[in-house]
Structures are given as structure tokens and as C-alpha cells.
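> Before anything else, here's the structure in question.
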Protein chains: 6
Amino acid sequence: MNSAVYPGSFDPVTYGHLDIIERGARTFDHLMVVVFRNAAKVPLFTVDERLDMLRQVTSHLPNVEVDAAEGLVVEYARRRGARIILKSLRVVSDFEYELMMALMNKKLNESLETVFMMTSSEHLFLSSSIVRELASLGASVAHLVPPYVAEQLRLKMKQAAVRPPGAGDDGRTI
Amino acid sequence: MNSAVYPGSFDPVTYGHLDIIERGARTFDHLMVVVFRNAAKVPLFTVDERLDMLRQVTSHLPNVEVDAAEGLVVEYARRRGARIILKSLRVVSDFEYELMMALMNKKLNESLETVFMMTSSEHLFLSSSIVRELASLGASVAHLVPPYVAEQLRLKMKQAAVRPPGAGDDGRTI
Amino acid sequence: MNSAVYPGSFDPVTYGHLDIIERGARTFDHLMVVVFRNAAKVPLFTVDERLDMLRQVTSHLPNVEVDAAEGLVVEYARRRGARIILKSLRVVSDFEYELMMALMNKKLNESLETVFMMTSSEHLFLSSSIVRELASLGASVAHLVPPYVAEQLRLKMKQAAVRPPGAGDDGRTI
Amino acid sequence: MNSAVYPGSFDPVTYGHLDIIERGARTFDHLMVVVFRNAAKVPLFTVDERLDMLRQVTSHLPNVEVDAAEGLVVEYARRRGARIILKSLRVVSDFEYELMMALMNKKLNESLETVFMMTSSEHLFLSSSIVRELASLGASVAHLVPPYVAEQLRLKMKQAAVRPPGAGDDGRTI
Amino acid sequence: MNSAVYPGSFDPVTYGHLDIIERGARTFDHLMVVVFRNAAKVPLFTVDERLDMLRQVTSHLPNVEVDAAEGLVVEYARRRGARIILKSLRVVSDFEYELMMALMNKKLNESLETVFMMTSSEHLFLSSSIVRELASLGASVAHLVPPYVAEQLRLKMKQAAVRPPGAGDDGRTI
Amino acid sequence: MNSAVYPGSFDPVTYGHLDIIERGARTFDHLMVVVFRNAAKVPLFTVDERLDMLRQVTSHLPNVEVDAAEGLVVEYARRRGARIILKSLRVVSDFEYELMMALMNKKLNESLETVFMMTSSEHLFLSSSIVRELASLGASVAHLVPPYVAEQLRLKMKQAAVRPPGAGDDGRTI
């Protein structure tokens, strides 16, 4: 059986992620969507909240499993018997980072294969950090995330004056 | 009338910004240079200080207006009746970020148009963060910012041992 | 008055070009779409055929003028009293080429300004050479060019076994 | 069953191609390596010669099939019942071209999926055109192509003073 | 005499750095490997620890000197009588950053020359931040850094639950 | 002694090349500027004409030698006892091509080192093909090439209606 791991932060899951998940579910027998805890970033949503949103938006996909993990992706894949890591590519800087990661994961585990899918053109501009930034500015994110996620974002933003993460250098503004 | 918004942090305004402002003022009937508050960054200069510097260095341009705003650039443009957002491009990573922003702003407001100007070759290496870093190291910035801005930087650096912001990964040093 | 020149080969005009023309016509008072003869390439369509197609697909835009020229774009703009050259950007390699061209045109004529618009996300993959290649392979181009252009392509392909131009290196195939 | 098409010119097949073929054969149930005739280029080897070399170097891979085709890759895949196109990525310019191709193939056939593998680091510098150029200069290609292919190159070079194809602009020399 | 400065954070030195140091030592008469204090980052190792590791791993290279400094690289070079700054390039984003730095250092000191070497293909994926991240996750770094450095990393990780620095955006995970 | 080879087409030599030659002559003890015959391109100037122009414009540099060669650059360097190949970088596409070339030359001859210098910002837009194109259109190239080269271009253009080489895809026009 052809099992693949699709790792990410999913903070929160967007229509861009969902597009890759649906295409991955058609391409591989079994797809594990795995939230990796990233100790270096303060996330907007807890791991449990992110798992909940992922499960809601992938409930129509029987061969998709949602999970959380820590540590190396290659370790997780080995433990779960998956031979494929699925990644998406949007832009050149993604490409270079992912090329480096794929070369290194190859060193860490020769039998694992990283395969890439290109983001659909209508999602090229889309990232979790842009969704968080728009939501913190009170803008609509209805066209960027599924309704359930949009509602969770609305609730999260009400809880506090949330500081928009990830804004770029030199006044990059949406 | 052809009104354009040129958004940024301008922390502080450089000769690179001023070049775009002068070229924008020749290309459009009215140019609004707008300092956007970026909650995710601790700026070196306050918004008022940045507005003051911008007004000093653009005082010779009658069709240029200096303003400050919060929130989405597309909202500001809509409110002010501007149909054009002006951005500058220096390097490939700018290009990809700005391509994403332009595609998204198009989604947020179909009637707004983002137009780009290429930075002049003598300013390709120039950014506000490099100016701040050089100033914090005590180096001359006389060829990078107008004299009034250089003086404000000198005064600001005297106020405190300012921590250089924005230095790159892995020992990138000027 | 704010006049802009949009230069190109338009061999043939695509929906990507038409999108830029419509946005340029909204942004500038007068837009000259100019077919430049390129002595180094054997075109699929003659200059007259390209002018005819451009006139057909821009007939709904009263402030758009279609013309043909030879020589330097900066010379044409000077002769016609236009201060703006309009270019579109799709990908990083476009960006670098156009950055070089803009820097050089600046040297050739300081008072001319090159401004850029980003291609819409649904046209990012689209170029005249891809349209010619698809047409030569008998594939439908109905979603890539206006109906009048699709018909001209069909007629042109019937005239001869046309050699697909512009295929990439090392077996790049559509 | 999970069938994938790996299209290319393979003029000639290199260790870089072979690496992708072996990894593709481990990842998919059935892999079709397909030589596409490219009317726009004069190849060094005939299609039959290229098929012969591919069959020789993949004879140890039972689930790999070697074939030749003309026209659109998406048409070939549809005809053969394959839902996956396999491509390799080496450098940024590959990435941008392949992003465009993937977006367009998606338009031509929604149910087809293009997946990418990154070239191994020891093959990043390797392409068929560099192999042809080295061979035409009399340099050894023993570390770049399998022995059988090296021998065919040696024979082909003896036949004639072959003009090295694909040399870059402005004196790019190996 | 041909003296060159190779500046960096070296937090810690990797086989990628060591490769550049060895090639630089063959190319120039005298090579100064200089740890620059970067006030904007909290390093994993102190400057003294980094100097110690650098001295250990370069002890076989008689024309290599290890030093630490603060401030501008161009100032350090001027003070030490070096006319050359040595930098390494791995990826496109390095290239653009370093192009900007080289253009600016040229402005700061016309007589200084920055020369670049490309990282060897087996180290393309390698950076100090990836080494720190792997070490913090308990993975082996034996193939990425010299044995002495691997031992210092092991000791440092035992001292505390160290927060992995430098993880990318949106769930970029190794 | 520190000898370096600077290979190229130099068809014709530009101020961009001359800038690299002057900086290379300051950095290395001996610099060989070598015209490589490129069988795949029809040059504008003969090898002898290119050598003559190079000798004229480098006559003030006593440690610069001008030569012509065929075949592999690594072979030439080995034959001449040079351990260094000097290359210039302007743009990202240069970078990727040169990264591949440097990795391959390393394979062909481990003891040779390729070092790179960044083109000065005022020459970023400059290439021999743009010079040829401008000259063929009758535009002034006085700011792009030394006076002696400008004169040779003028004479060459008078000889015939020269076809402008190297124009880009899809109506890329100067």
C-alpha cells in the first residue's frame, strides 16, 4: 500500500492545504495529514484546535487520517510505515527551501521519497500567515478558508487583540 | 483624476523610497505616501517621526500627500478614492511576495490596480533595515538617506544603545 | 494626458495580453498597443495579421490604439509623446529580464517610466509560444485566446504543417 | 493501480534521469518512461536509438515500460489510463517552467496530477545538453551516463563532427 | 600578499563552512575566519565557544587564522589590511542578499573586493540553523559537522531543553 | 603565483567585462582573459577581431593576458597552470547556470576553483547581446562599451544589414 505523510503547521488549514489534501487523497492509497509542533513559533491555534479543524474539513475523505507529532518528519514516516512525504510548492523560495529539505531527508533516510505538488493557481497567494494577518485586521477570509475555519478564526480574534504574526520587512502590508 | 497610494513603513525613508516617490509624482496626478502601522514590528521611529521625515523630504513635490493609516491598504485606497497602488521591486524575493500581494488585493477589491516600478540600479542594495543596521554600527549613511533623515538617525542612535533589527541568518553581516 | 505604450510581439494576442490591455486602459488615459517587428524571430502571423487580431479584440476599448513599429521602444514612445511604458510580469525570469530592460531604457531616456502589472493568476501559465505549440498539436486553445484569434490559428494551422516554435530544452513537453 | 508517465527527450538518458526512474518505480505501481518527439529540435539520437538506450538501462526494473509518443502528454496519459505525470526539478528555472506546465495541464485535464521529485544533489548539474556538449568536446562522460550510453555517444561522435547543441548565451562555456 | 576575510556566525561551524575554508586557504595566501557578533540574534554558542570549535577544526591549515570582531566587515578588513572578502553561495536567496551586500560594501570601501565560492553539492542543504534544529530534535549530525563540533552540540543540548531556533514559516519541519 | 582564467565570448567586450577584468587584475597575480570559440553560435565578430578589441581595452593592465582557446575551460586552465576560474554574476539565472557549471567543473578537475564577482550595479543590465541588438537598431552604445569597441561596432553594422541576435521570446523588445 502506498502511504504518504503531508506534514505542516496548519495554523489554520486553508483552501490551499485542502486542495493538496484532496489531490493527495486521489494520488495515494492512504494520506496522513500531520500537525507538527514547532517549538520555535507561538501558534495562533493550539495543536488540538488545529486537529479539530483539519478533521472537520477532511471528513469527506475516507483515506485521509489526521494526526499530530513532534520531532523529525522522517522519523514519523518510518514509524508509520509511510515511504512518501508529500509537500506543496508555490513560489521560488518554497522551492529552494524544499529542495534543501528533500536533499537532507534523503540523507537521513534513503528509502523515503519526497514528492511535490504545485499549488493551484487560485491559491498561489495563500498562506496561513496571510490568513491570520487578514483576520487580525478584521478582513473577510471567506474565500481563503472553509466556513468552519473562518468561524474559529472569528472566535479566536474576539478573545483578544491578537498581534498579527509574520508581517514582512519594510512595511509590507496587505 | 489618477490617484495612487504608495504604502510602506518608511522606518526611515531612504533615497530609494524618494526615487520612487519622485517618479510616482511624475506618473500620477496625485500620490499619497502612506505610513502603515505594522503591529508585528517594533519600529525604530514613531509614526509621527516617520511622517515628519517624509514631509521634509517631499516638500518640493506639490502633488504628493503624506499620511498614516492602519488596516488594509485596499480599504485605505477605497476610502480615499484611489484606484492605483504603487509598489517598488528590487529583487526576486520582493517580486514573489508582491505577486502574491497583488493577486490577493485583486481578490479583495477587483477595481484596484497594483502597478510596480523597478528600483534604480544605484538603490538596488538599499533598504530601511540596512540603513538602521549601518546607523547602529556607527557607519555613515550620508549616501543612503537625505541629510534631514541622517540627522534624525544620529539623534535616535545617541538616545540609546539601539539593538540592530533585521540582521539575517547565519552571521550575515554588513 | 497620461499616455502609455504596451509593446510586444502579440503572435498571437492571448487572454493574458487582453487582461493587461483592459487594466492598462482603465489605468491610463490613452494606451498604445504596439506590435514590434522582431527581425530575429520568424513569426507565425504577419504584422498585419497581428494588428487585425489586436483591433478585433480591443474594439470595445475606446482609449486603446493599435499600432506597429520597428526599432527601440523608447524611440517610439518619444515620437508619440508617451511618458510611460507598460509591461507585464508573470515569473521570476520575466522579472529579471524586465528589471534589466527598465534599467537600460532609463539610461536611454531618463524621462520615460516603465510600469509593471502582474499577470492575473488564471493567466500565469499563458504565453503566445504555448498557444502556438498547443495549436500546432491540434489541442483546443478556446480558453487561452479570444474566439476570433482561435479561428485565425485554426486557419493558419490548416495552411501548412507548422513547426511548433519555442519548445524548451531536454524534452520539455506540454 | 497507480500508473505514472515520465515524459522527456532523453537525448540521451543520463544518470540523473535514471535516478528519477528508479525512485519513480519504487513510488508508483507502473511507470511509463515516454520519449516525446519534439519537432522543434534536431536531436542527436533518433527516437529508436533513445528507446534502445532507455530499455538497456532500465532492464532491471520490471514495472518500468519504455515508449515513444507524439502530441500532448495529457493525451498520452489519458489514452494509457495513467492519472499521474512525473517530473523532476533541479533549479529555479525548471521550477517556474514546470509550475506553468502543471497549471496548464490541470486546465487541459482536471483529473490528471503532476507530481515532482527533486534531483539528487550529485546530479544537480547534469542535463542531456551538457552531456552532448562534453561528448562533442571529447571529454569523458563516464560519471554522467551509464556505460552503454557512453559507448553510443562515442560511436555517434565518431560518425561526424557534431555541432554541440544548446550552448548558452555570451560565451557560456564548460 | 593576498589576504582574505571569511566572515560569519559559525554557530556552529559545519562541514559546509569547513569546505569553503579549505578551498579559501588554497586560493588565498592568508585567510582570516572571523566570527562576527550579531546583536540581533541569541546564539546557541558563545563567541568563545565558536572560536574554540573553529580553531579545533582548522588546526591543520597553517595559513588560516581564527578571530572575532564586531561592527562592519569592511572596517575589519581595512584594519587588517585585507583586500578580499570571501563569501559562499548556496541558493538564489543567498545570491540576492549577497549581491546587495557586495554592492553596498563596494560603496563603503571601493578598494575591497568580495569574491564568492559555490558550496559543494553535498553541502547545498546544510546550514548552521538546520544543524541546531536537528541536534535539538535528538537527530544525529555526524555527517554535517566535524566530530568535535558534534560533541559540543551534544553537551550543549544536555544543558537545557534548548528551543530550536530558525524554523521556517507555516510548519516547515525537517 | 596566483593565476586565474576569465573565459567568455566577448562578442564584443563591454564595460561590464572590463570592470570584472580590472577587479580580477587587482585580486590575482596574473589574469588570462580567454575568448572561447563557441561552435553553436554565429558570432558577430571573428575571434581575431574580439582578441584585438580585448587587447586594446586592457593594454593599461600589465598582468592581464588575452588569449583564445577551444574545448573545455578546465583543460585550458590545467594546461596553463591556473588554479582559478573567474566568473561574473549578474542575475539569478546566471547564478543557477554558474552553480551547475562550478559543480561540474569540480567533478572534471577537483583542484580547480571557480570564484565569482558580482557585476557592479551600473552594469547589471549590460550584456554583449544587448549591445549587439542596440547597435543593430542604430542606437548609441557609447555608455556601454569603450570607444574603440563602439567604433568597431559601427563599422561592422555598416558592412551589412545585420540580423539582431538574441532577442527574447514573445516580443521582448528594447
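Numbering starts fresh at 1 for the residues of each chain in the C-alpha cells, the chains themselves are lettered A, B, ... in the order given, and ligands are numbered from 1 as they appear.
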Write out as a PDB file with N, CA and C atoms, in the first residue's frame each polymer residue whose atoms come within 9 Å of range 119-134 of chain A, counting only C-alpha atoms; drop sequence neighbours fewer than 6 positions from it.


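Resulting contents of part08.pdb:
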```pdb
ATOM      1  N   SER A   9       2.107  22.979   9.664  1.00  0.00           N
ATOM      2  CA  SER A   9       1.614  23.624  10.881  1.00  0.00           C
ATOM      3  C   SER A   9       0.090  23.706  10.861  1.00  0.00           C
ATOM      4  N   PHE A  10      -0.463  24.015   9.689  1.00  0.00           N
ATOM      5  CA  PHE A  10      -1.919  24.113   9.544  1.00  0.00           C
ATOM      6  C   PHE A  10      -2.499  25.043  10.611  1.00  0.00           C
ATOM      7  N   ASP A  11      -1.966  26.265  10.654  1.00  0.00           N
ATOM      8  CA  ASP A  11      -2.321  27.217  11.717  1.00  0.00           C
ATOM      9  C   ASP A  11      -2.960  28.454  11.148  1.00  0.00           C
ATOM     10  N   PRO A  12      -4.168  28.375  10.549  1.00  0.00           N
ATOM     11  CA  PRO A  12      -5.041  27.209  10.403  1.00  0.00           C
ATOM     12  C   PRO A  12      -4.947  26.625   8.987  1.00  0.00           C
ATOM     13  N   VAL A  13      -5.645  25.493   8.775  1.00  0.00           N
ATOM     14  CA  VAL A  13      -5.762  24.898   7.449  1.00  0.00           C
ATOM     15  C   VAL A  13      -6.490  25.875   6.511  1.00  0.00           C
ATOM     16  N   THR A  14      -5.986  26.006   5.259  1.00  0.00           N
ATOM     17  CA  THR A  14      -6.595  26.900   4.271  1.00  0.00           C
ATOM     18  C   THR A  14      -7.137  26.086   3.090  1.00  0.00           C
ATOM     19  N   TYR A  15      -7.830  26.782   2.190  1.00  0.00           N
ATOM     20  CA  TYR A  15      -8.267  26.114   0.959  1.00  0.00           C
ATOM     21  C   TYR A  15      -7.073  25.611   0.146  1.00  0.00           C
ATOM     22  N   GLY A  16      -5.910  26.288   0.285  1.00  0.00           N
ATOM     23  CA  GLY A  16      -4.705  25.807  -0.401  1.00  0.00           C
ATOM     24  C   GLY A  16      -4.286  24.442   0.122  1.00  0.00           C
ATOM     25  N   HIS A  17      -4.234  24.286   1.455  1.00  0.00           N
ATOM     26  CA  HIS A  17      -3.935  22.973   2.044  1.00  0.00           C
ATOM     27  C   HIS A  17      -4.973  21.942   1.613  1.00  0.00           C
ATOM     28  N   ASP A  19      -6.857  21.765  -0.960  1.00  0.00           N
ATOM     29  CA  ASP A  19      -6.663  21.370  -2.361  1.00  0.00           C
ATOM     30  C   ASP A  19      -5.575  20.295  -2.473  1.00  0.00           C
ATOM     31  N   ILE A  20      -4.454  20.487  -1.776  1.00  0.00           N
ATOM     32  CA  ILE A  20      -3.381  19.489  -1.801  1.00  0.00           C
ATOM     33  C   ILE A  20      -3.854  18.182  -1.143  1.00  0.00           C
ATOM     34  N   LEU A  44      -1.160  30.486  16.583  1.00  0.00           N
ATOM     35  CA  LEU A  44      -2.428  31.136  16.906  1.00  0.00           C
ATOM     36  C   LEU A  44      -3.380  30.112  17.519  1.00  0.00           C
ATOM     37  N   SER A  88       3.872  20.722  -0.839  1.00  0.00           N
ATOM     38  CA  SER A  88       3.367  21.575  -1.914  1.00  0.00           C
ATOM     39  C   SER A  88       4.372  22.673  -2.213  1.00  0.00           C
ATOM     40  N   LEU A  89       4.342  23.152  -3.442  1.00  0.00           N
ATOM     41  CA  LEU A  89       5.234  24.228  -3.868  1.00  0.00           C
ATOM     42  C   LEU A  89       4.399  25.377  -4.410  1.00  0.00           C
ATOM     43  N   ARG A  90       4.718  26.586  -3.989  1.00  0.00           N
ATOM     44  CA  ARG A  90       4.032  27.755  -4.518  1.00  0.00           C
ATOM     45  C   ARG A  90       4.979  28.686  -5.260  1.00  0.00           C
ATOM     46  N   VAL A  91       6.098  28.994  -4.597  1.00  0.00           N
ATOM     47  CA  VAL A  91       6.960  30.041  -5.132  1.00  0.00           C
ATOM     48  C   VAL A  91       8.412  29.589  -5.066  1.00  0.00           C
ATOM     49  N   SER A 140     -12.459  39.949   5.664  1.00  0.00           N
ATOM     50  CA  SER A 140     -13.108  38.659   5.408  1.00  0.00           C
ATOM     51  C   SER A 140     -12.094  37.645   4.881  1.00  0.00           C
ATOM     52  N   VAL A 141     -12.192  36.412   5.389  1.00  0.00           N
ATOM     53  CA  VAL A 141     -11.335  35.339   4.884  1.00  0.00           C
ATOM     54  C   VAL A 141     -12.184  34.222   4.294  1.00  0.00           C
ATOM     55  N   LEU A 144     -10.825  32.180   1.522  1.00  0.00           N
ATOM     56  CA  LEU A 144      -9.483  31.630   1.755  1.00  0.00           C
ATOM     57  C   LEU A 144      -9.495  30.369   2.596  1.00  0.00           C
ATOM     58  N   VAL A 145     -10.494  30.225   3.464  1.00  0.00           N
ATOM     59  CA  VAL A 145     -10.580  29.058   4.354  1.00  0.00           C
ATOM     60  C   VAL A 145     -12.012  28.534   4.364  1.00  0.00           C
ATOM     61  N   LEU A 153     -11.625  31.294  13.420  1.00  0.00           N
ATOM     62  CA  LEU A 153     -10.788  32.499  13.376  1.00  0.00           C
ATOM     63  C   LEU A 153     -11.514  33.683  13.991  1.00  0.00           C
ATOM     64  N   ARG A 163      -2.005  39.936  18.058  1.00  0.00           N
ATOM     65  CA  ARG A 163      -0.898  40.560  17.332  1.00  0.00           C
ATOM     66  C   ARG A 163      -0.700  39.808  16.015  1.00  0.00           C
ATOM     67  N   PRO A 164      -0.820  40.480  14.882  1.00  0.00           N
ATOM     68  CA  PRO A 164      -0.670  39.777  13.600  1.00  0.00           C
ATOM     69  C   PRO A 164       0.740  39.226  13.420  1.00  0.00           C
ATOM     70  N   PRO A 165       0.878  37.929  13.270  1.00  0.00           N
ATOM     71  CA  PRO A 165       2.228  37.382  13.109  1.00  0.00           C
ATOM     72  C   PRO A 165       2.681  37.414  11.652  1.00  0.00           C
ATOM     73  N   GLY A 166       3.980  37.401  11.469  1.00  0.00           N
ATOM     74  CA  GLY A 166       4.545  37.125  10.150  1.00  0.00           C
ATOM     75  C   GLY A 166       4.543  38.250   9.153  1.00  0.00           C
ATOM     76  N   ALA A 167       4.259  39.476   9.585  1.00  0.00           N
ATOM     77  CA  ALA A 167       4.299  40.564   8.617  1.00  0.00           C
ATOM     78  C   ALA A 167       5.724  40.757   8.121  1.00  0.00           C
ATOM     79  N   ILE A 174      -0.755  44.354   3.626  1.00  0.00           N
ATOM     80  CA  ILE A 174      -1.746  43.782   2.713  1.00  0.00           C
ATOM     81  C   ILE A 174      -2.634  44.893   2.175  1.00  0.00           C
TER      82      ILE A 174
ATOM     83  N   GLY B  71      -4.642  49.035   9.131  1.00  0.00           N
ATOM     84  CA  GLY B  71      -5.542  48.129   8.430  1.00  0.00           C
ATOM     85  C   GLY B  71      -5.089  47.820   7.021  1.00  0.00           C
ATOM     86  N   LEU B  72      -6.056  47.494   6.160  1.00  0.00           N
ATOM     87  CA  LEU B  72      -5.745  47.047   4.810  1.00  0.00           C
ATOM     88  C   LEU B  72      -5.469  48.223   3.878  1.00  0.00           C
ATOM     89  N   TYR B  97       6.817  38.009  -3.382  1.00  0.00           N
ATOM     90  CA  TYR B  97       5.923  38.496  -2.334  1.00  0.00           C
ATOM     91  C   TYR B  97       4.879  39.440  -2.933  1.00  0.00           C
ATOM     92  N   LEU B  99       3.916  39.698  -6.061  1.00  0.00           N
ATOM     93  CA  LEU B  99       2.991  38.973  -6.934  1.00  0.00           C
ATOM     94  C   LEU B  99       1.850  38.385  -6.102  1.00  0.00           C
ATOM     95  N   MET B 100       2.193  37.770  -4.981  1.00  0.00           N
ATOM     96  CA  MET B 100       1.159  37.211  -4.101  1.00  0.00           C
ATOM     97  C   MET B 100       0.235  38.300  -3.570  1.00  0.00           C
ATOM     98  N   MET B 101       0.822  39.411  -3.117  1.00  0.00           N
ATOM     99  CA  MET B 101       0.011  40.515  -2.582  1.00  0.00           C
ATOM    100  C   MET B 101      -0.923  41.086  -3.664  1.00  0.00           C
ATOM    101  N   ALA B 102      -0.381  41.256  -4.891  1.00  0.00           N
ATOM    102  CA  ALA B 102      -1.187  41.831  -5.964  1.00  0.00           C
ATOM    103  C   ALA B 102      -2.339  40.904  -6.317  1.00  0.00           C
ATOM    104  N   LEU B 103      -2.070  39.582  -6.347  1.00  0.00           N
ATOM    105  CA  LEU B 103      -3.143  38.626  -6.640  1.00  0.00           C
ATOM    106  C   LEU B 103      -4.192  38.679  -5.534  1.00  0.00           C
ATOM    107  N   MET B 104      -3.745  38.812  -4.276  1.00  0.00           N
ATOM    108  CA  MET B 104      -4.730  38.826  -3.203  1.00  0.00           C
ATOM    109  C   MET B 104      -5.497  40.129  -3.148  1.00  0.00           C
TER     110      MET B 104
ATOM    111  N   SER C 121      -3.812  35.558 -11.898  1.00  0.00           N
ATOM    112  CA  SER C 121      -3.372  34.196 -11.579  1.00  0.00           C
ATOM    113  C   SER C 121      -3.875  33.183 -12.602  1.00  0.00           C
ATOM    114  N   GLU C 122      -5.033  33.420 -13.215  1.00  0.00           N
ATOM    115  CA  GLU C 122      -5.519  32.428 -14.186  1.00  0.00           C
ATOM    116  C   GLU C 122      -4.753  32.486 -15.502  1.00  0.00           C
ATOM    117  N   HIS C 123      -3.876  33.472 -15.682  1.00  0.00           N
ATOM    118  CA  HIS C 123      -3.094  33.554 -16.924  1.00  0.00           C
ATOM    119  C   HIS C 123      -1.603  33.372 -16.696  1.00  0.00           C
ATOM    120  N   LEU C 124      -1.212  32.961 -15.488  1.00  0.00           N
ATOM    121  CA  LEU C 124       0.212  32.845 -15.172  1.00  0.00           C
ATOM    122  C   LEU C 124       0.927  31.864 -16.094  1.00  0.00           C
ATOM    123  N   PHE C 125       0.211  30.849 -16.569  1.00  0.00           N
ATOM    124  CA  PHE C 125       0.842  29.790 -17.355  1.00  0.00           C
ATOM    125  C   PHE C 125       0.803  30.096 -18.849  1.00  0.00           C
TER     126      PHE C 125
ATOM    127  N   LEU D  99       5.929  24.792 -13.068  1.00  0.00           N
ATOM    128  CA  LEU D  99       4.722  25.334 -12.444  1.00  0.00           C
ATOM    129  C   LEU D  99       3.728  25.749 -13.527  1.00  0.00           C
ATOM    130  N   ALA D 102       2.307  22.607 -15.174  1.00  0.00           N
ATOM    131  CA  ALA D 102       1.375  21.892 -14.310  1.00  0.00           C
ATOM    132  C   ALA D 102       0.039  22.621 -14.253  1.00  0.00           C
ATOM    133  N   LEU D 103       0.089  23.968 -14.171  1.00  0.00           N
ATOM    134  CA  LEU D 103      -1.147  24.741 -14.151  1.00  0.00           C
ATOM    135  C   LEU D 103      -1.905  24.542 -15.463  1.00  0.00           C
ATOM    136  N   LYS D 106      -3.377  20.995 -15.849  1.00  0.00           N
ATOM    137  CA  LYS D 106      -4.572  20.957 -14.984  1.00  0.00           C
ATOM    138  C   LYS D 106      -5.793  21.483 -15.746  1.00  0.00           C
TER     139      LYS D 106
ATOM    140  N   ASP E 169       8.434  29.237   8.281  1.00  0.00           N
ATOM    141  CA  ASP E 169       7.031  29.597   8.396  1.00  0.00           C
ATOM    142  C   ASP E 169       6.131  28.431   8.008  1.00  0.00           C
ATOM    143  N   ASP E 170       4.926  28.442   8.544  1.00  0.00           N
ATOM    144  CA  ASP E 170       3.888  27.507   8.106  1.00  0.00           C
ATOM    145  C   ASP E 170       4.307  26.040   8.213  1.00  0.00           C
TER     146      ASP E 170
END
```

> Would you pick out the contacts of Met157 in chain E at 9 Å or less, using only C-alpha atoms, so that residues sharing its chain but fewer than 6 positions from it are not included, and give the list as JSON, numbers by chain?

{"E": [135, 136, 138]}

> Using the selection just defined, write its residues with N, CA and C atoms as a PDB file, in the first residue's frame.


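This went into part_33.pdb:
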```
ATOM      1  N   ALA E 135      19.947  18.849  15.990  1.00  0.00           N
ATOM      2  CA  ALA E 135      20.513  18.495  17.290  1.00  0.00           C
ATOM      3  C   ALA E 135      19.462  18.630  18.390  1.00  0.00           C
ATOM      4  N   SER E 136      18.642  19.680  18.299  1.00  0.00           N
ATOM      5  CA  SER E 136      17.628  19.886  19.344  1.00  0.00           C
ATOM      6  C   SER E 136      16.553  18.811  19.294  1.00  0.00           C
ATOM      7  N   GLY E 138      17.308  15.743  18.692  1.00  0.00           N
ATOM      8  CA  GLY E 138      17.962  14.489  19.059  1.00  0.00           C
ATOM      9  C   GLY E 138      18.467  13.680  17.879  1.00  0.00           C
TER      10      GLY E 138
END
```

> Could you pull out the residues in range 5-162 of chain E that DSSP calls helix (DSSP H, G or I) from the backbone, as a ChimeraX atom specification?

/E:15-27,47-57,73-80,92-108,121-123,128-136,147-159

> Find the residues near Val47 in chain D: any atom within 12 Å, counting only C-alpha atoms, skip ones fewer than 2 places away on the same chain, and give them as a PyMOL selection string.

(chain C and resi 171) or (chain D and resi 8-13+34-39+42-45+49-54+66-70)

> Which distance in Å separates CA of Asn2 in chain C and CA of Phe28 in chain B, to one decimal?

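Answer for the CA of Asn2 in chain C to CA of Phe28 in chain B separation: 8.1 Å.
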
> In Å to one decimal, how far is CA of Thr114 in chain B from CA of Glu98 in chain B?

9.3 Å

> Would you please work out which residue, of C:Gly81, C:Met118, C:Glu110, C:Glu96, is nearest to chain E when using only C-alpha atoms?

C:Glu96
